[in-house]
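Visitor: Here you go, protein_4.cif (mmCIF, C-alpha atoms):
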data_structure
loop_
_atom_site.label_atom_id
_atom_site.label_comp_id
_atom_site.auth_asym_id
_atom_site.auth_seq_id
_atom_site.Cartn_x
_atom_site.Cartn_y
_atom_site.Cartn_z
CA MET C 12 23.16 -29.70 -38.69
CA ALA C 13 21.94 -28.50 -42.09
CA TRP C 14 21.11 -25.00 -40.92
CA ALA C 15 19.39 -23.83 -44.08
CA ASP C 16 16.88 -26.69 -43.98
CA SER C 17 16.47 -27.04 -40.22
CA MET C 18 13.43 -25.42 -38.62
CA ASP C 19 14.36 -25.77 -34.93
CA TRP C 20 16.49 -22.67 -34.43
CA PHE C 21 15.93 -18.94 -34.38
CA PHE C 22 18.31 -16.02 -34.93
CA GLY C 23 16.92 -12.71 -33.72
CA ILE C 24 18.29 -9.29 -34.66
CA ARG C 25 17.57 -6.25 -32.47
CA MET C 26 14.64 -8.12 -30.94
CA GLY C 27 13.46 -7.78 -27.36
CA ILE C 28 13.98 -10.76 -25.06
CA TYR C 29 11.38 -10.74 -22.29
CA TYR C 30 12.61 -12.63 -19.23
CA ASP C 31 10.36 -11.17 -16.48
CA PRO C 32 6.70 -10.10 -16.88
CA ASN C 33 7.34 -7.11 -14.64
CA LEU C 34 10.51 -5.85 -16.33
CA PRO C 35 11.28 -4.38 -19.75
CA ALA C 36 12.91 -6.57 -22.35
CA ILE C 37 16.62 -6.69 -23.00
CA VAL C 38 17.58 -6.06 -26.63
CA PRO C 39 20.93 -7.47 -27.75
CA ASP C 40 22.11 -6.75 -31.27
CA ALA C 41 21.51 -10.43 -32.08
CA PHE C 42 20.90 -13.77 -30.40
CA LEU C 43 20.67 -17.45 -31.30
CA SER C 44 18.24 -19.90 -29.76
CA LEU C 45 18.19 -23.65 -30.44
CA GLY C 46 15.32 -26.07 -30.11
CA VAL C 47 12.59 -23.53 -30.88
CA LYS C 48 10.42 -22.94 -33.92
CA ARG C 49 12.20 -20.99 -36.59
CA PHE C 50 8.91 -19.49 -37.74
CA TYR C 51 5.59 -19.18 -35.94
CA ASP C 52 3.30 -18.02 -38.71
CA GLU C 53 3.18 -15.43 -41.48
CA ASN C 54 3.52 -12.62 -38.92
CA LEU C 55 6.79 -14.03 -37.55
CA ARG C 56 7.93 -13.17 -34.01
CA PRO C 57 7.37 -9.67 -32.66
CA SER C 58 9.58 -10.51 -29.66
CA TYR C 59 11.14 -13.43 -27.80
CA VAL C 60 9.24 -14.28 -24.59
CA LEU C 61 11.16 -16.72 -22.40
CA TRP C 62 8.18 -18.08 -20.47
CA GLU C 63 6.46 -18.92 -23.76
CA GLU C 64 9.48 -20.15 -25.71
CA LYS C 65 10.79 -22.16 -22.74
CA LYS C 66 14.27 -22.00 -24.27
CA LEU C 67 17.00 -19.61 -23.20
CA PRO C 68 19.05 -18.27 -26.12
CA ILE C 69 22.40 -20.02 -26.20
CA LEU C 70 24.29 -17.02 -27.62
CA VAL C 71 23.93 -13.26 -27.50
CA LEU C 72 25.89 -10.82 -29.65
CA GLU C 73 26.71 -7.15 -29.20
CA VAL C 74 28.38 -4.97 -31.83
CA VAL C 75 30.09 -1.99 -30.23
CA SER C 76 29.62 1.45 -31.74
CA HIS C 77 31.83 4.48 -31.11
CA ILE C 78 29.98 4.99 -27.82
CA ASP C 79 30.39 2.47 -24.99
CA CYS C 80 26.93 1.22 -24.05
CA GLY C 81 28.03 -1.17 -21.33
CA GLU C 82 29.00 -4.08 -23.58
CA TYR C 83 32.05 -4.86 -21.43
CA SER C 84 30.43 -4.11 -18.07
CA THR C 85 26.71 -3.89 -17.29
CA LYS C 86 25.49 -5.92 -20.25
CA LYS C 87 28.09 -8.58 -19.61
CA THR C 88 27.00 -8.87 -15.99
CA GLU C 89 23.31 -8.97 -16.91
CA TYR C 90 23.76 -11.62 -19.60
CA ALA C 91 25.75 -13.78 -17.17
CA ARG C 92 23.02 -13.40 -14.56
CA LEU C 93 20.39 -14.50 -17.06
CA GLY C 94 22.48 -17.52 -18.02
CA PHE C 95 23.28 -17.10 -21.72
CA LEU C 96 26.00 -19.66 -22.42
CA TYR C 97 27.95 -17.57 -24.93
CA TYR C 98 28.40 -13.82 -25.06
CA VAL C 99 30.04 -12.41 -28.20
CA ILE C 100 31.30 -8.84 -28.42
CA TYR C 101 32.53 -7.44 -31.72
CA ASN C 102 34.26 -4.07 -31.63
CA PRO C 103 35.56 -3.06 -35.08
CA PHE C 104 37.10 0.12 -33.65
CA ARG C 105 39.52 -1.58 -31.26
CA CYS C 106 43.22 -1.34 -32.10
CA ASN C 107 45.24 -2.64 -29.16
CA LYS C 108 42.78 -5.21 -27.83
CA PRO C 109 40.91 -8.09 -29.48
CA ARG C 110 38.13 -6.83 -31.73
CA LEU C 111 36.26 -10.10 -31.28
CA GLU C 112 35.64 -11.42 -27.77
CA VAL C 113 33.85 -14.71 -27.31
CA CYS C 114 33.01 -15.48 -23.70
CA LYS C 115 31.62 -18.68 -22.23
CA LEU C 116 29.66 -18.89 -19.01
CA VAL C 117 31.58 -20.89 -16.39
CA ASN C 118 30.44 -20.94 -12.76
CA ASN C 119 28.09 -17.99 -13.38
CA ALA C 120 30.83 -15.78 -14.84
CA TYR C 121 32.09 -15.25 -18.38
CA GLU C 122 35.52 -16.53 -19.34
CA PHE C 123 37.19 -15.12 -22.45
CA LEU C 124 38.02 -17.69 -25.15
CA ASN C 125 41.20 -16.36 -26.72
CA SER C 126 41.02 -16.88 -30.47
CA ASP C 127 40.10 -15.00 -33.65
CA ARG C 128 37.94 -17.97 -34.62
CA VAL C 129 36.18 -19.83 -31.82
CA TRP C 130 34.54 -23.24 -32.10
CA LEU C 131 31.25 -23.47 -30.20
CA PRO C 132 30.63 -27.21 -29.69
CA GLU C 133 27.17 -26.82 -28.18
CA ILE C 134 26.08 -24.99 -31.33
CA GLY C 135 28.11 -26.89 -33.91
CA LEU C 136 29.54 -23.74 -35.45
CA ALA C 137 32.58 -21.52 -35.15
CA ILE C 138 32.44 -17.74 -35.18
CA GLY C 139 35.23 -15.49 -36.37
CA ILE C 140 36.23 -12.40 -38.29
CA GLU C 141 37.92 -11.91 -41.64
CA ARG C 142 37.93 -9.46 -44.50
CA GLY C 143 35.32 -9.93 -47.17
CA THR C 144 32.85 -8.12 -49.39
CA TYR C 145 29.17 -7.87 -48.55
CA LEU C 146 26.65 -5.66 -50.35
CA GLY C 147 29.59 -4.24 -52.27
CA ILE C 148 31.40 -3.15 -49.07
CA ALA C 149 34.90 -4.54 -48.56
CA ARG C 150 35.83 -4.64 -44.86
CA GLU C 151 36.14 -6.96 -41.91
CA TRP C 152 32.97 -8.95 -41.19
CA LEU C 153 31.73 -11.50 -38.68
CA TYR C 154 31.29 -14.95 -40.21
CA TRP C 155 30.16 -18.46 -39.26
CA TYR C 156 32.40 -21.47 -40.01
CA ASP C 157 31.92 -25.23 -40.03
CA GLU C 158 33.94 -27.74 -38.00
CA LEU C 159 36.61 -27.89 -40.71
CA GLY C 160 37.08 -24.14 -40.60
CA GLU C 161 35.32 -23.55 -43.91
CA ARG C 162 33.43 -20.28 -43.93
CA PHE C 163 29.72 -20.36 -44.71
CA LEU C 164 28.89 -18.25 -47.74
CA THR C 165 26.69 -15.20 -47.46
CA SER C 166 23.46 -15.11 -49.48
CA GLU C 167 25.19 -12.76 -51.92
CA GLU C 168 28.08 -15.21 -52.35
CA GLN C 169 25.68 -18.14 -52.72
CA MET C 170 23.87 -16.37 -55.56
CA LYS C 171 27.17 -15.56 -57.27
CA GLN C 172 28.32 -19.16 -56.90
CA ALA C 173 25.01 -20.43 -58.29
CA ARG C 174 25.35 -18.15 -61.32
CA GLN C 175 28.90 -19.36 -61.93
CA GLU C 176 27.86 -23.01 -61.63
CA ALA C 177 24.95 -22.42 -64.00
CA GLN C 178 27.29 -20.77 -66.52
CA GLN C 179 29.77 -23.65 -66.25
CA ALA C 180 26.96 -26.18 -66.71
CA LYS C 181 25.78 -24.25 -69.78
CA GLN C 182 29.29 -24.29 -71.26
CA VAL C 183 29.63 -28.04 -70.65
CA LEU C 184 26.24 -28.66 -72.28
CA GLN C 185 27.18 -26.53 -75.29
CA ALA C 186 30.46 -28.45 -75.67
CA GLN C 187 28.61 -31.76 -75.48
CA GLN C 188 26.07 -30.58 -78.07
CA LYS C 189 28.87 -29.46 -80.43
CA ALA C 190 30.64 -32.81 -80.03
CA GLN C 191 27.39 -34.67 -80.69
CA GLN C 192 26.68 -32.50 -83.74
CA ALA C 193 30.18 -33.12 -85.10
CA GLN C 194 29.76 -36.85 -84.59
CA GLN C 195 26.41 -36.77 -86.42
CA GLU C 196 27.98 -34.82 -89.30
CA VAL C 197 30.78 -37.36 -89.60
CA GLN C 198 28.28 -40.21 -89.58
CA LEU C 199 26.17 -38.47 -92.25
CA LEU C 200 29.24 -37.93 -94.41
CA ARG C 201 30.20 -41.60 -94.13
CA GLU C 202 26.68 -42.62 -95.13
CA GLN C 203 26.78 -40.27 -98.13
CA LEU C 204 30.09 -41.73 -99.24
CA ARG C 205 28.80 -45.26 -99.07
CA SER C 206 27.95 -46.11 -102.67
CA PRO C 207 28.79 -48.86 -105.11
CA CYS C 208 31.71 -46.74 -106.24
CA ILE C 209 33.07 -45.30 -102.98
CA ASP C 210 34.03 -47.14 -99.83
CA PRO C 211 34.57 -44.56 -97.04
CA ASP C 212 36.75 -47.03 -95.13
CA SER C 213 39.21 -47.06 -98.02
CA LEU C 214 39.75 -43.30 -97.60
CA THR C 215 41.42 -43.69 -94.20
#
Any chance you could put this one into structure tokens?
Guide:
Amino acid sequence: MAWADSMDWFFGIRMGIYYDPNLPAIVPDAFLSLGVKRFYDENLRPSYVLWEEKKLPILVLEVVSHIDCGEYSTKKTEYARLGFLYYVIYNPFRCNKPRLEVCKLVNNAYEFLNSDRVWLPEIGLAIGIERGTYLGIAREWLYWYDELGERFLTSEEQMKQARQEAQQAKQVLQAQQKAQQAQQEVQLLREQLRSPCIDPDSLT
């Protein structure tokens, strides 16, 4: 899937998911839903209403702060009950346990997928952690990867890459222009030397 061009997915950040008209929304740190409109209109989505969207998010993500807010207990149980296929917990403060936990719903319970980079076949992406620089901050970040394990660039990295490619293209063009100019100068010189008295071919 060409994610940048596709319009049938939605990634919500700190957005309420309403699953029951009589209950308050749940608000994961982020979630991914497939098969829905990426944009509604110029006002975008104020919330994600399951009985209107008719698509359950396929992945929910929680980033753990210094304070435990039930990411490993109550939230995990609630997300399993609601049926989210993948539950991702990222805890950058963990030392002796995995900082990234990717769980898949199997028989109504989450099973931990033991890897620092987990392929999610139903989504067509892998999720993992590695050190990088974003907004000038060098640290460990969550990233998406393709099926070959190549990390998708951030918007900041894409802009930097585009600038570098533009600079390289400019340098190639300048080199081509200089070569063309030199060739024209040589041709002009040969034409100037062509006279009844001078044969430029005899000078080689």
Visitor: What does the distance from CA of Phe21 (chain C) to CA of Ala173 (chain C) come to in Å, to one decimal?
Guide: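 So the two atoms, CA of Phe21 (chain C) and CA of Ala173 (chain C), lie 25.6 Å apart.
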Visitor: Looking at C:Phe104, C:Leu96, C:Asp40, C:Gly143, which one is nearest to His77 (chain C), with distances taken over all atoms listed in the file?
Guide: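 Under the stated criterion, the closest residue is C:Phe104.
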Visitor: To one decimal place, how far is CA of Val75 (chain C) from CA of Pro103 (chain C) in Å?
Guide: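 Rounded to one decimal, the two atoms are 7.4 Å apart.
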Visitor: Could you list as a PyMOL selection string every residue that has an atom within 12 Å of (33.1, 1.4, -29.3), using the file's coordinates and counting all atoms listed in the file?
Guide: chain C and resi 73-83+100-106+108+110
Visitor: Can you spit out the residues from that selection as an mmCIF file, in the frame of the given file, using C-alpha atoms?
Guide:
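The file below, again-v3.cif, is the result:
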data_model
loop_
_atom_site.group_PDB
_atom_site.id
_atom_site.type_symbol
_atom_site.label_atom_id
_atom_site.label_comp_id
_atom_site.auth_asym_id
_atom_site.auth_seq_id
_atom_site.Cartn_x
_atom_site.Cartn_y
_atom_site.Cartn_z
ATOM 1 C CA GLU C 73 26.710 -7.150 -29.200
ATOM 2 C CA VAL C 74 28.380 -4.970 -31.830
ATOM 3 C CA VAL C 75 30.090 -1.990 -30.230
ATOM 4 C CA SER C 76 29.620 1.450 -31.740
ATOM 5 C CA HIS C 77 31.830 4.480 -31.110
ATOM 6 C CA ILE C 78 29.980 4.990 -27.820
ATOM 7 C CA ASP C 79 30.390 2.470 -24.990
ATOM 8 C CA CYS C 80 26.930 1.220 -24.050
ATOM 9 C CA GLY C 81 28.030 -1.170 -21.330
ATOM 10 C CA GLU C 82 29.000 -4.080 -23.580
ATOM 11 C CA TYR C 83 32.050 -4.860 -21.430
ATOM 12 C CA ILE C 100 31.300 -8.840 -28.420
ATOM 13 C CA TYR C 101 32.530 -7.440 -31.720
ATOM 14 C CA ASN C 102 34.260 -4.070 -31.630
ATOM 15 C CA PRO C 103 35.560 -3.060 -35.080
ATOM 16 C CA PHE C 104 37.100 0.120 -33.650
ATOM 17 C CA ARG C 105 39.520 -1.580 -31.260
ATOM 18 C CA CYS C 106 43.220 -1.340 -32.100
ATOM 19 C CA LYS C 108 42.780 -5.210 -27.830
ATOM 20 C CA ARG C 110 38.130 -6.830 -31.730
#
Visitor: Fewer than 4 positions away in the same chain doesn't count, so skip those; otherwise give me all residues within 12 Å of Pro132 (chain C), counting only C-alpha atoms, as a list in words.
Guide: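 Contacts, with the query itself left out: Met12, Ile69, Leu96, Tyr97, Lys115, Leu136, Ala137, Ile138, Tyr156, Asp157 and Glu158 of chain C.
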Visitor: Provide the CA of Val38 (chain C) to CA of Val113 (chain C) distance in Å, to one decimal place.
Guide: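 For CA of Val38 (chain C) relative to CA of Val113 (chain C), the distance reads 18.4 Å.
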Visitor: Return the single residue from C:Tyr98, C:Tyr29, C:Trp155, C:Trp130 that is closest to Leu72 (chain C), with distances computed using all atoms listed in the file.
Guide: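 Of C:Tyr98, C:Tyr29, C:Trp155, C:Trp130, the one nearest Leu72 (chain C) is C:Tyr98, counting all atoms listed in the file.
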